[in-house]
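Engineer: query11.pdb (PDB, C-alpha atoms, pLDDT in the B column) pasted underneath:
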```pdb
ATOM      1  CA  THR A  28      74.194 195.125  -6.286  1.00 44.00           C
ATOM      2  CA  GLY A  29      70.817 194.027  -7.621  1.00 48.00           C
ATOM      3  CA  GLY A  30      72.444 193.011 -10.968  1.00 50.00           C
ATOM      4  CA  VAL A  31      75.098 190.834  -9.362  1.00 49.00           C
ATOM      5  CA  GLY A  32      72.865 188.739  -7.070  1.00 51.00           C
ATOM      6  CA  PRO A  33      71.558 186.154  -9.584  1.00 50.00           C
ATOM      7  CA  LEU A  34      75.012 185.097 -10.805  1.00 46.00           C
ATOM      8  CA  PRO A  35      75.639 182.235  -8.325  1.00 48.00           C
ATOM      9  CA  TRP A  36      72.297 180.729  -9.276  1.00 43.00           C
ATOM     10  CA  VAL A  37      73.149 180.882 -12.980  1.00 45.00           C
ATOM     11  CA  ILE A  38      76.628 179.456 -12.424  1.00 44.00           C
ATOM     12  CA  GLY A  39      75.248 176.747 -10.194  1.00 47.00           C
ATOM     13  CA  GLY A  40      72.709 175.878 -12.841  1.00 46.00           C
ATOM     14  CA  ILE A  41      75.365 175.614 -15.520  1.00 43.00           C
ATOM     15  CA  VAL A  42      77.567 173.456 -13.312  1.00 44.00           C
ATOM     16  CA  ALA A  43      74.699 171.233 -12.317  1.00 44.00           C
ATOM     17  CA  GLY A  44      73.573 170.933 -15.891  1.00 45.00           C
ATOM     18  CA  GLY A  45      77.094 170.073 -17.055  1.00 45.00           C
ATOM     19  CA  ILE A  46      77.528 167.389 -14.478  1.00 40.00           C
ATOM     20  CA  GLY A  47      74.146 165.951 -15.288  1.00 43.00           C
ATOM     21  CA  ALA A  48      74.970 165.748 -18.982  1.00 40.00           C
ATOM     22  CA  ALA A  49      78.301 164.050 -18.311  1.00 41.00           C
ATOM     23  CA  ALA A  50      76.708 161.476 -16.028  1.00 42.00           C
ATOM     24  CA  GLY A  51      74.043 160.716 -18.594  1.00 46.00           C
ATOM     25  CA  GLY A  52      76.665 160.240 -21.337  1.00 44.00           C
ATOM     26  CA  SER A  53      78.648 157.817 -19.233  1.00 44.00           C
ATOM     27  CA  GLY A  54      75.598 155.702 -18.522  1.00 47.00           C
ATOM     28  CA  GLY A  55      74.836 155.390 -22.264  1.00 49.00           C
ATOM     29  CA  ASN A  56      78.027 153.335 -22.925  1.00 52.00           C
ATOM     30  CA  GLY A  57      76.795 150.279 -20.933  1.00 54.00           C
ATOM     31  CA  GLY A  58      75.210 147.029 -22.351  1.00 63.00           C
ATOM     32  CA  ALA A  59      75.622 143.188 -22.513  1.00 73.00           C
ATOM     33  CA  LYS A  60      78.759 141.809 -24.178  1.00 83.00           C
ATOM     34  CA  LYS A  61      78.209 139.591 -27.241  1.00 86.00           C
ATOM     35  CA  PRO A  62      79.360 135.980 -26.545  1.00 90.00           C
ATOM     36  CA  ALA A  63      82.266 134.502 -28.448  1.00 95.00           C
ATOM     37  CA  VAL A  64      81.739 132.017 -31.273  1.00 97.00           C
ATOM     38  CA  LEU A  65      82.209 128.495 -29.911  1.00 98.00           C
ATOM     39  CA  GLU A  66      84.725 125.889 -30.987  1.00 98.00           C
ATOM     40  CA  ALA A  67      83.546 123.277 -33.487  1.00 98.00           C
ATOM     41  CA  PRO A  68      81.799 120.189 -32.063  1.00 98.00           C
ATOM     42  CA  LYS A  69      83.157 116.679 -32.582  1.00 98.00           C
ATOM     43  CA  VAL A  70      81.272 113.954 -34.483  1.00 98.00           C
ATOM     44  CA  GLU A  71      81.331 110.155 -34.361  1.00 98.00           C
ATOM     45  CA  ILE A  72      79.251 107.640 -36.321  1.00 98.00           C
ATOM     46  CA  GLU A  73      77.783 105.564 -33.494  1.00 97.00           C
ATOM     47  CA  ASN A  74      76.791 102.555 -35.630  1.00 96.00           C
ATOM     48  CA  ASP A  75      80.405 101.981 -36.709  1.00 96.00           C
ATOM     49  CA  LYS A  76      81.015  99.978 -33.545  1.00 94.00           C
ATOM     50  CA  ASN A  77      84.576  98.871 -34.323  1.00 90.00           C
ATOM     51  CA  ASN A  78      85.476 102.164 -36.001  1.00 93.00           C
ATOM     52  CA  ASP A  79      86.752 100.393 -39.122  1.00 89.00           C
ATOM     53  CA  GLY A  80      85.122 102.800 -41.558  1.00 94.00           C
ATOM     54  CA  VAL A  81      82.569 100.195 -42.714  1.00 91.00           C
ATOM     55  CA  LEU A  82      78.889  99.915 -41.792  1.00 95.00           C
ATOM     56  CA  ASN A  83      77.981  96.240 -42.164  1.00 90.00           C
ATOM     57  CA  LYS A  84      74.659  94.417 -41.856  1.00 89.00           C
ATOM     58  CA  GLU A  85      75.221  93.601 -38.194  1.00 89.00           C
ATOM     59  CA  GLU A  86      75.966  97.241 -37.321  1.00 93.00           C
ATOM     60  CA  ILE A  87      73.002  98.687 -39.233  1.00 94.00           C
ATOM     61  CA  GLY A  88      70.520  95.868 -38.638  1.00 91.00           C
ATOM     62  CA  ASP A  89      66.956  96.969 -39.357  1.00 91.00           C
ATOM     63  CA  ALA A  90      67.635 100.634 -38.581  1.00 93.00           C
ATOM     64  CA  THR A  91      66.189 103.278 -40.891  1.00 92.00           C
ATOM     65  CA  HIS A  92      68.731 105.925 -39.852  1.00 97.00           C
ATOM     66  CA  ILE A  93      72.349 106.147 -38.729  1.00 98.00           C
ATOM     67  CA  ASN A  94      73.097 107.738 -35.359  1.00 98.00           C
ATOM     68  CA  VAL A  95      75.751 110.446 -35.118  1.00 98.00           C
ATOM     69  CA  ILE A  96      77.083 111.354 -31.669  1.00 98.00           C
ATOM     70  CA  VAL A  97      77.969 115.057 -31.414  1.00 98.00           C
ATOM     71  CA  THR A  98      80.174 116.183 -28.529  1.00 98.00           C
ATOM     72  CA  ILE A  99      79.052 119.636 -27.369  1.00 98.00           C
ATOM     73  CA  PRO A 100      81.849 122.218 -26.999  1.00 98.00           C
ATOM     74  CA  THR A 101      82.501 124.092 -23.757  1.00 97.00           C
ATOM     75  CA  GLY A 102      80.447 127.255 -23.363  1.00 97.00           C
ATOM     76  CA  ALA A 103      77.323 126.010 -25.130  1.00 97.00           C
ATOM     77  CA  VAL A 104      73.979 126.764 -23.483  1.00 97.00           C
ATOM     78  CA  ALA A 105      70.417 125.583 -23.899  1.00 97.00           C
ATOM     79  CA  GLY A 106      68.959 127.153 -27.029  1.00 97.00           C
ATOM     80  CA  ASP A 107      72.160 126.929 -29.084  1.00 98.00           C
ATOM     81  CA  THR A 108      71.778 124.885 -32.274  1.00 98.00           C
ATOM     82  CA  ILE A 109      73.859 121.901 -33.394  1.00 98.00           C
ATOM     83  CA  THR A 110      73.640 121.199 -37.139  1.00 98.00           C
ATOM     84  CA  VAL A 111      74.918 117.941 -38.609  1.00 98.00           C
ATOM     85  CA  LYS A 112      75.542 117.855 -42.369  1.00 98.00           C
ATOM     86  CA  ASP A 113      75.901 114.713 -44.509  1.00 98.00           C
ATOM     87  CA  GLN A 114      77.815 113.959 -47.717  1.00 97.00           C
ATOM     88  CA  ASN A 115      74.941 115.309 -49.829  1.00 97.00           C
ATOM     89  CA  GLY A 116      74.830 118.623 -47.986  1.00 97.00           C
ATOM     90  CA  LYS A 117      71.584 117.742 -46.184  1.00 98.00           C
ATOM     91  CA  GLU A 118      71.388 119.417 -42.782  1.00 98.00           C
ATOM     92  CA  TYR A 119      69.975 117.986 -39.547  1.00 98.00           C
ATOM     93  CA  PRO A 120      69.529 120.795 -36.969  1.00 98.00           C
ATOM     94  CA  HIS A 121      69.027 120.135 -33.270  1.00 98.00           C
ATOM     95  CA  LYS A 122      68.306 122.831 -30.668  1.00 98.00           C
ATOM     96  CA  LEU A 123      70.130 122.005 -27.443  1.00 98.00           C
ATOM     97  CA  THR A 124      68.243 121.467 -24.210  1.00 98.00           C
ATOM     98  CA  GLN A 125      69.642 121.681 -20.699  1.00 98.00           C
ATOM     99  CA  THR A 126      69.567 117.875 -20.617  1.00 98.00           C
ATOM    100  CA  ASP A 127      71.866 117.845 -23.671  1.00 98.00           C
ATOM    101  CA  ILE A 128      74.211 120.339 -22.021  1.00 98.00           C
ATOM    102  CA  ASP A 129      74.371 118.261 -18.842  1.00 98.00           C
ATOM    103  CA  ALA A 130      75.127 115.108 -20.871  1.00 98.00           C
ATOM    104  CA  GLY A 131      77.849 116.861 -22.872  1.00 98.00           C
ATOM    105  CA  LYS A 132      76.701 115.239 -26.095  1.00 98.00           C
ATOM    106  CA  VAL A 133      73.662 114.678 -28.280  1.00 98.00           C
ATOM    107  CA  THR A 134      72.663 111.996 -30.803  1.00 98.00           C
ATOM    108  CA  VAL A 135      71.422 113.106 -34.219  1.00 98.00           C
ATOM    109  CA  ALA A 136      69.828 110.638 -36.686  1.00 98.00           C
ATOM    110  CA  VAL A 137      70.849 110.946 -40.359  1.00 98.00           C
ATOM    111  CA  ASP A 138      69.797 109.140 -43.534  1.00 98.00           C
ATOM    112  CA  ILE A 139      71.465 105.846 -44.520  1.00 97.00           C
ATOM    113  CA  PRO A 140      73.313 106.199 -47.863  1.00 96.00           C
ATOM    114  CA  ALA A 141      72.904 103.698 -50.684  1.00 95.00           C
ATOM    115  CA  GLU A 142      74.753 100.376 -50.565  1.00 91.00           C
ATOM    116  CA  GLY A 143      78.426 100.763 -51.428  1.00 90.00           C
ATOM    117  CA  THR A 144      78.515 104.523 -50.895  1.00 95.00           C
ATOM    118  CA  ASP A 145      80.098 106.616 -48.149  1.00 96.00           C
ATOM    119  CA  LEU A 146      78.432 108.352 -45.239  1.00 98.00           C
ATOM    120  CA  LYS A 147      80.316 111.532 -44.337  1.00 98.00           C
ATOM    121  CA  VAL A 148      79.166 113.725 -41.462  1.00 98.00           C
ATOM    122  CA  THR A 149      80.335 117.046 -40.022  1.00 98.00           C
ATOM    123  CA  ALA A 150      78.775 119.425 -37.492  1.00 98.00           C
ATOM    124  CA  THR A 151      78.659 123.096 -36.488  1.00 98.00           C
ATOM    125  CA  ILE A 152      77.177 124.886 -33.497  1.00 98.00           C
ATOM    126  CA  GLU A 153      75.458 128.274 -33.592  1.00 98.00           C
ATOM    127  CA  ASN A 154      75.120 130.508 -30.533  1.00 97.00           C
ATOM    128  CA  ALA A 155      74.368 134.224 -30.021  1.00 96.00           C
ATOM    129  CA  GLY A 156      77.914 135.003 -31.161  1.00 95.00           C
ATOM    130  CA  GLY A 157      77.609 133.251 -34.539  1.00 97.00           C
ATOM    131  CA  THR A 158      78.320 129.879 -36.160  1.00 98.00           C
ATOM    132  CA  SER A 159      81.425 127.809 -35.424  1.00 98.00           C
ATOM    133  CA  THR A 160      83.757 126.378 -38.001  1.00 98.00           C
ATOM    134  CA  GLU A 161      82.888 122.931 -39.360  1.00 98.00           C
ATOM    135  CA  SER A 162      84.075 119.918 -37.389  1.00 98.00           C
ATOM    136  CA  ALA A 163      86.487 117.314 -38.678  1.00 98.00           C
ATOM    137  CA  PRO A 164      84.451 114.684 -40.583  1.00 98.00           C
ATOM    138  CA  ASP A 165      83.728 111.074 -39.719  1.00 98.00           C
ATOM    139  CA  ARG A 166      83.222 108.591 -42.587  1.00 98.00           C
ATOM    140  CA  ALA A 167      82.017 105.041 -43.144  1.00 97.00           C
ATOM    141  CA  THR A 168      81.079 102.967 -46.209  1.00 95.00           C
ATOM    142  CA  VAL A 169      77.763 101.103 -46.252  1.00 95.00           C
ATOM    143  CA  ASP A 170      78.467  97.420 -46.982  1.00 90.00           C
ATOM    144  CA  THR A 171      75.592  95.152 -45.979  1.00 89.00           C
ATOM    145  CA  VAL A 172      75.545  92.680 -48.890  1.00 86.00           C
ATOM    146  CA  PRO A 173      77.421  89.394 -48.227  1.00 82.00           C
ATOM    147  CA  PRO A 174      80.284  88.693 -50.651  1.00 86.00           C
ATOM    148  CA  THR A 175      79.981  86.051 -53.362  1.00 91.00           C
ATOM    149  CA  VAL A 176      82.467  83.981 -55.361  1.00 95.00           C
ATOM    150  CA  SER A 177      82.411  82.281 -58.751  1.00 96.00           C
ATOM    151  CA  VAL A 178      84.807  79.650 -60.130  1.00 97.00           C
ATOM    152  CA  THR A 179      85.353  79.079 -63.859  1.00 97.00           C
ATOM    153  CA  TYR A 180      87.641  76.727 -65.774  1.00 96.00           C
ATOM    154  CA  ASP A 181      89.517  77.486 -69.002  1.00 96.00           C
ATOM    155  CA  PRO A 182      90.445  74.143 -70.648  1.00 95.00           C
ATOM    156  CA  SER A 183      92.678  75.879 -73.197  1.00 96.00           C
ATOM    157  CA  LYS A 184      94.928  77.082 -70.373  1.00 95.00           C
ATOM    158  CA  GLY A 185      94.207  74.357 -67.860  1.00 95.00           C
ATOM    159  CA  GLU A 186      93.449  77.029 -65.261  1.00 96.00           C
ATOM    160  CA  PHE A 187      90.674  77.846 -62.815  1.00 97.00           C
ATOM    161  CA  THR A 188      89.749  81.460 -62.088  1.00 97.00           C
ATOM    162  CA  VAL A 189      88.374  82.231 -58.634  1.00 97.00           C
ATOM    163  CA  ASP A 190      86.532  85.561 -58.784  1.00 97.00           C
ATOM    164  CA  PHE A 191      85.270  87.165 -55.564  1.00 95.00           C
ATOM    165  CA  SER A 192      82.685  89.989 -55.602  1.00 91.00           C
ATOM    166  CA  ASP A 193      84.901  91.967 -53.181  1.00 88.00           C
ATOM    167  CA  GLU A 194      88.475  91.669 -52.017  1.00 90.00           C
ATOM    168  CA  PRO A 195      88.293  88.517 -49.859  1.00 93.00           C
ATOM    169  CA  ILE A 196      89.179  88.837 -46.187  1.00 92.00           C
ATOM    170  CA  ASN A 197      90.543  85.877 -44.255  1.00 94.00           C
ATOM    171  CA  PRO A 198      88.374  85.685 -41.100  1.00 91.00           C
ATOM    172  CA  ASN A 199      91.276  84.108 -39.210  1.00 93.00           C
ATOM    173  CA  THR A 200      93.578  87.074 -39.781  1.00 93.00           C
ATOM    174  CA  GLY A 201      91.191  89.927 -40.569  1.00 88.00           C
ATOM    175  CA  LYS A 202      93.391  90.722 -43.596  1.00 92.00           C
ATOM    176  CA  PRO A 203      93.028  90.107 -47.355  1.00 94.00           C
ATOM    177  CA  PHE A 204      93.691  86.545 -48.466  1.00 95.00           C
ATOM    178  CA  THR A 205      97.141  85.869 -49.892  1.00 96.00           C
ATOM    179  CA  PRO A 206      97.595  83.411 -52.783  1.00 97.00           C
ATOM    180  CA  GLU A 207      99.223  80.958 -50.376  1.00 97.00           C
ATOM    181  CA  GLU A 208      96.210  81.141 -48.048  1.00 97.00           C
ATOM    182  CA  ILE A 209      93.838  80.486 -50.968  1.00 97.00           C
ATOM    183  CA  LYS A 210      95.979  77.485 -51.904  1.00 97.00           C
ATOM    184  CA  ASP A 211      95.797  76.146 -48.338  1.00 96.00           C
ATOM    185  CA  LEU A 212      92.030  76.639 -48.380  1.00 95.00           C
ATOM    186  CA  ILE A 213      91.406  74.671 -51.566  1.00 96.00           C
ATOM    187  CA  THR A 214      94.061  71.962 -51.204  1.00 96.00           C
ATOM    188  CA  SER A 215      92.911  71.110 -47.680  1.00 95.00           C
ATOM    189  CA  ASP A 216      89.551  69.944 -49.064  1.00 95.00           C
ATOM    190  CA  PRO A 217      89.993  66.326 -50.258  1.00 95.00           C
ATOM    191  CA  LYS A 218      87.033  66.641 -52.647  1.00 94.00           C
ATOM    192  CA  ASN A 219      89.073  69.032 -54.806  1.00 96.00           C
ATOM    193  CA  ASN A 220      91.817  66.429 -55.415  1.00 96.00           C
ATOM    194  CA  LEU A 221      94.457  69.161 -55.502  1.00 97.00           C
ATOM    195  CA  GLY A 222      98.056  68.226 -54.726  1.00 96.00           C
ATOM    196  CA  PRO A 223     100.853  70.292 -53.171  1.00 95.00           C
ATOM    197  CA  ASP A 224     102.205  71.344 -56.583  1.00 97.00           C
ATOM    198  CA  THR A 225      99.045  73.328 -57.271  1.00 97.00           C
ATOM    199  CA  THR A 226      99.862  77.022 -57.750  1.00 97.00           C
ATOM    200  CA  VAL A 227      97.754  80.081 -56.992  1.00 98.00           C
ATOM    201  CA  THR A 228      98.465  83.621 -58.154  1.00 97.00           C
ATOM    202  CA  VAL A 229      96.518  86.855 -57.715  1.00 96.00           C
ATOM    203  CA  ASP A 230      95.736  89.158 -60.619  1.00 93.00           C
ATOM    204  CA  PRO A 231      98.146  92.096 -60.161  1.00 92.00           C
ATOM    205  CA  GLU A 232      95.446  94.523 -61.310  1.00 92.00           C
ATOM    206  CA  ASP A 233      92.482  92.954 -59.506  1.00 95.00           C
ATOM    207  CA  PRO A 234      92.827  91.729 -55.893  1.00 94.00           C
ATOM    208  CA  THR A 235      89.444  89.962 -56.139  1.00 95.00           C
ATOM    209  CA  LYS A 236      90.657  87.489 -58.767  1.00 97.00           C
ATOM    210  CA  PHE A 237      92.919  84.450 -58.259  1.00 97.00           C
ATOM    211  CA  VAL A 238      94.234  82.017 -60.888  1.00 97.00           C
ATOM    212  CA  VAL A 239      94.645  78.362 -59.894  1.00 97.00           C
ATOM    213  CA  THR A 240      96.861  76.013 -61.912  1.00 97.00           C
ATOM    214  CA  PRO A 241      95.908  72.577 -60.587  1.00 97.00           C
ATOM    215  CA  SER A 242      98.103  69.613 -59.946  1.00 96.00           C
ATOM    216  CA  PRO A 243      96.035  66.517 -59.069  1.00 96.00           C
ATOM    217  CA  LYS A 244      96.758  64.554 -55.956  1.00 95.00           C
ATOM    218  CA  ASP A 245      95.345  61.465 -57.731  1.00 96.00           C
ATOM    219  CA  PRO A 246      95.967  61.744 -61.520  1.00 95.00           C
ATOM    220  CA  SER A 247      93.230  59.198 -62.215  1.00 95.00           C
ATOM    221  CA  LYS A 248      90.565  61.539 -60.841  1.00 95.00           C
ATOM    222  CA  ASP A 249      89.239  64.938 -61.892  1.00 94.00           C
ATOM    223  CA  VAL A 250      90.193  68.077 -60.034  1.00 96.00           C
ATOM    224  CA  THR A 251      87.784  70.755 -58.860  1.00 95.00           C
ATOM    225  CA  VAL A 252      88.048  74.097 -57.065  1.00 96.00           C
ATOM    226  CA  GLU A 253      85.435  74.855 -54.452  1.00 95.00           C
ATOM    227  CA  ILE A 254      85.518  77.759 -51.971  1.00 94.00           C
ATOM    228  CA  PRO A 255      83.613  76.734 -48.826  1.00 91.00           C
ATOM    229  CA  THR A 256      80.761  78.959 -47.705  1.00 87.00           C
ATOM    230  CA  GLY A 257      81.738  81.007 -44.662  1.00 87.00           C
ATOM    231  CA  SER A 258      85.448  80.633 -45.313  1.00 93.00           C
ATOM    232  CA  TYR A 259      85.832  84.240 -46.485  1.00 91.00           C
ATOM    233  CA  GLU A 260      84.457  87.688 -45.749  1.00 86.00           C
ATOM    234  CA  ASP A 261      84.637  91.137 -47.284  1.00 83.00           C
ATOM    235  CA  LYS A 262      85.532  94.359 -45.452  1.00 74.00           C
ATOM    236  CA  GLY A 263      81.978  94.518 -44.179  1.00 68.00           C
ATOM    237  CA  GLY A 264      82.341  91.165 -42.432  1.00 63.00           C
TER     238      GLY A 264
END
```
Translate this file's structure into structure tokens.

Structural biologist:
Amino acid sequence: TGGVGPLPWVIGGIVAGGIGAAAGGSGGNGGAKKPAVLEAPKVEIENDKNNDGVLNKEEIGDATHINVIVTIPTGAVAGDTITVKDQNGKEYPHKLTQTDIDAGKVTVAVDIPAEGTDLKVTATIENAGGTSTESAPDRATVDTVPPTVSVTYDPSKGEFTVDFSDEPINPNTGKPFTPEEIKDLITSDPKNNLGPDTTVTVDPEDPTKFVVTPSPKDPSKDVTVEIPTGSYEDKGG
């Protein structure tokens, strides 16, 4: 009888020990879940007011940088990082604040490209889950220099050549000048002495160049071709 007595204590100890080990193992599987990677942000070049893909002098003004508006995706929190990248691969990181989150967007300043070149911006957002895919880009060409025009005369052909520095835009239509519109422009000025039989053609390989074959309104007087200042624009306005 004395040898049998301790058995319940031993069994109880084994059972208690087994249960304790199982409970401890179950508790070890807990922990915080890693957040999902967020969707890509959206970008918009703020200075391109009319969204025509051109940054003109009026839109840039005296600014030293271009502003990019980044729309923050759902699920972002303060401390996540928005990174804007330009056409040269330069990155502009911005750590989000709660104020940014509440606003739903943030403005990031980027460098102004050289005259005549394109600004291209994209953005990503990085959270605890990783970095998003790159956003769709927004683009705009810097065009702040006013257009110019030169007029030359070839006596051997009896023709004037009107050569614009950029494809001329008719400010009345917002579209490129047609040969007929150039004719109306120059024949309506009495100083040019150009009659209705004057013809104007555009160079088929160069939309900035027009050829004028004059027909004088008064044959006893010389003809000229003058393009009035302010009568034309380029894509930059």

Engineer: Would you compute the distance between CA of Phe191 (chain A) and CA of Gly88 (chain A)? Give it in Å to one decimal.

Structural biologist: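 A separation of 24.1 Å between them.
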
Engineer: Which neighbours of Ile99 (chain A) fall inside 9 Å, counting only C-alpha atoms, when residues of the same chain fewer than 2 positions from it are skipped, and could you give them as an MDAnalysis selection string?

Structural biologist: chainID A and resid 67:69 97 101:103 109 127:128 130:133 152

Engineer: Find the residues around Asp165 (chain A) up to 8 Å (all atoms listed in the file counted), leave out those fewer than 4 positions away in its own chain, and share them as a list in words.

Structural biologist: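 The residues that qualify are Val70, Glu71, Ile72, Lys147, Val148 and Thr149 of chain A.
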
Engineer: So how many Å separate CA of Ser242 (chain A) and CA of Phe204 (chain A), to one decimal?

Structural biologist: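 Those two atoms sit 20.9 Å apart.
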
Engineer: If you count only C-alpha atoms, which residues fall within 8 Å of Glu142 (chain A), apart from same-chain ones fewer than 5 positions away, as a count of residues only?

Structural biologist: 4

Engineer: Neighbouring residues of Ile254 (chain A) were defined as those with any atom within 8 Å, considering only C-alpha atoms; residues of the same chain fewer than 5 positions away were excluded. Please report them as a VMD selection string.

Structural biologist: chain A and resid 176 212 to 213

Engineer: So how far away is CA of Ile93 (chain A) from CA of Ile196 (chain A), in Å?

Structural biologist: 25.3 Å

Engineer: Apply the PyMOL selection byres ((chain A and resi 214-220) around 8) to the displayed file and report the matching residues as a list of chain:residue names.

Structural biologist: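 Evaluating the PyMOL selection byres ((chain A and resi 214-220) around 8) on these coordinates yields A:Lys210, A:Asp211, A:Leu212, A:Ile213, A:Leu221, A:Gly222, A:Pro223, A:Thr225, A:Pro243, A:Lys244, A:Asp245, A:Lys248, A:Asp249, A:Val250, A:Thr251, A:Val252, A:Glu253.
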
Engineer: Would you save the residues from that selection as a CSV table (one decimal), in the coordinates of the input, using C-alpha atoms?

Structural biologist:
```csv
chain,number,residue,atom,x,y,z
A,210,LYS,CA,96.0,77.5,-51.9
A,211,ASP,CA,95.8,76.1,-48.3
A,212,LEU,CA,92.0,76.6,-48.4
A,213,ILE,CA,91.4,74.7,-51.6
A,221,LEU,CA,94.5,69.2,-55.5
A,222,GLY,CA,98.1,68.2,-54.7
A,223,PRO,CA,100.9,70.3,-53.2
A,225,THR,CA,99.0,73.3,-57.3
A,243,PRO,CA,96.0,66.5,-59.1
A,244,LYS,CA,96.8,64.6,-56.0
A,245,ASP,CA,95.3,61.5,-57.7
A,248,LYS,CA,90.6,61.5,-60.8
A,249,ASP,CA,89.2,64.9,-61.9
A,250,VAL,CA,90.2,68.1,-60.0
A,251,THR,CA,87.8,70.8,-58.9
A,252,VAL,CA,88.0,74.1,-57.1
A,253,GLU,CA,85.4,74.9,-54.5
```

Engineer: Nearest residue to Pro100 (chain A) out of A:Lys60, A:Asn154, A:Thr144, A:Leu82, using all atoms listed in the file?

Structural biologist: A:Asn154

Engineer: Using only C-alpha atoms for the distances, tell me which of A:Lys76, A:Gly143, A:Ala167, A:Glu194 is nearest to Glu232 (chain A).

Structural biologist: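 Using only C-alpha atoms, Glu232 (chain A) sits closest to A:Glu194.
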
Engineer: What would the selection look like, as a PyMOL selection string, if the PyMOL selection byres ((chain A and resi 179) around 12) were run on the coordinates I just shared?

Structural biologist: chain A and resi 176-178+180-182+184-191+236-239+251-254

Engineer: Identify, on the basis of only C-alpha atoms, every residue whose closest approach to Gly157 (chain A) does not exceed 8 Å; exclude the query and any residue fewer than 4 positions from it along the same chain; express the result as a PyMOL selection string.

Structural biologist: chain A and resi 63-64+153
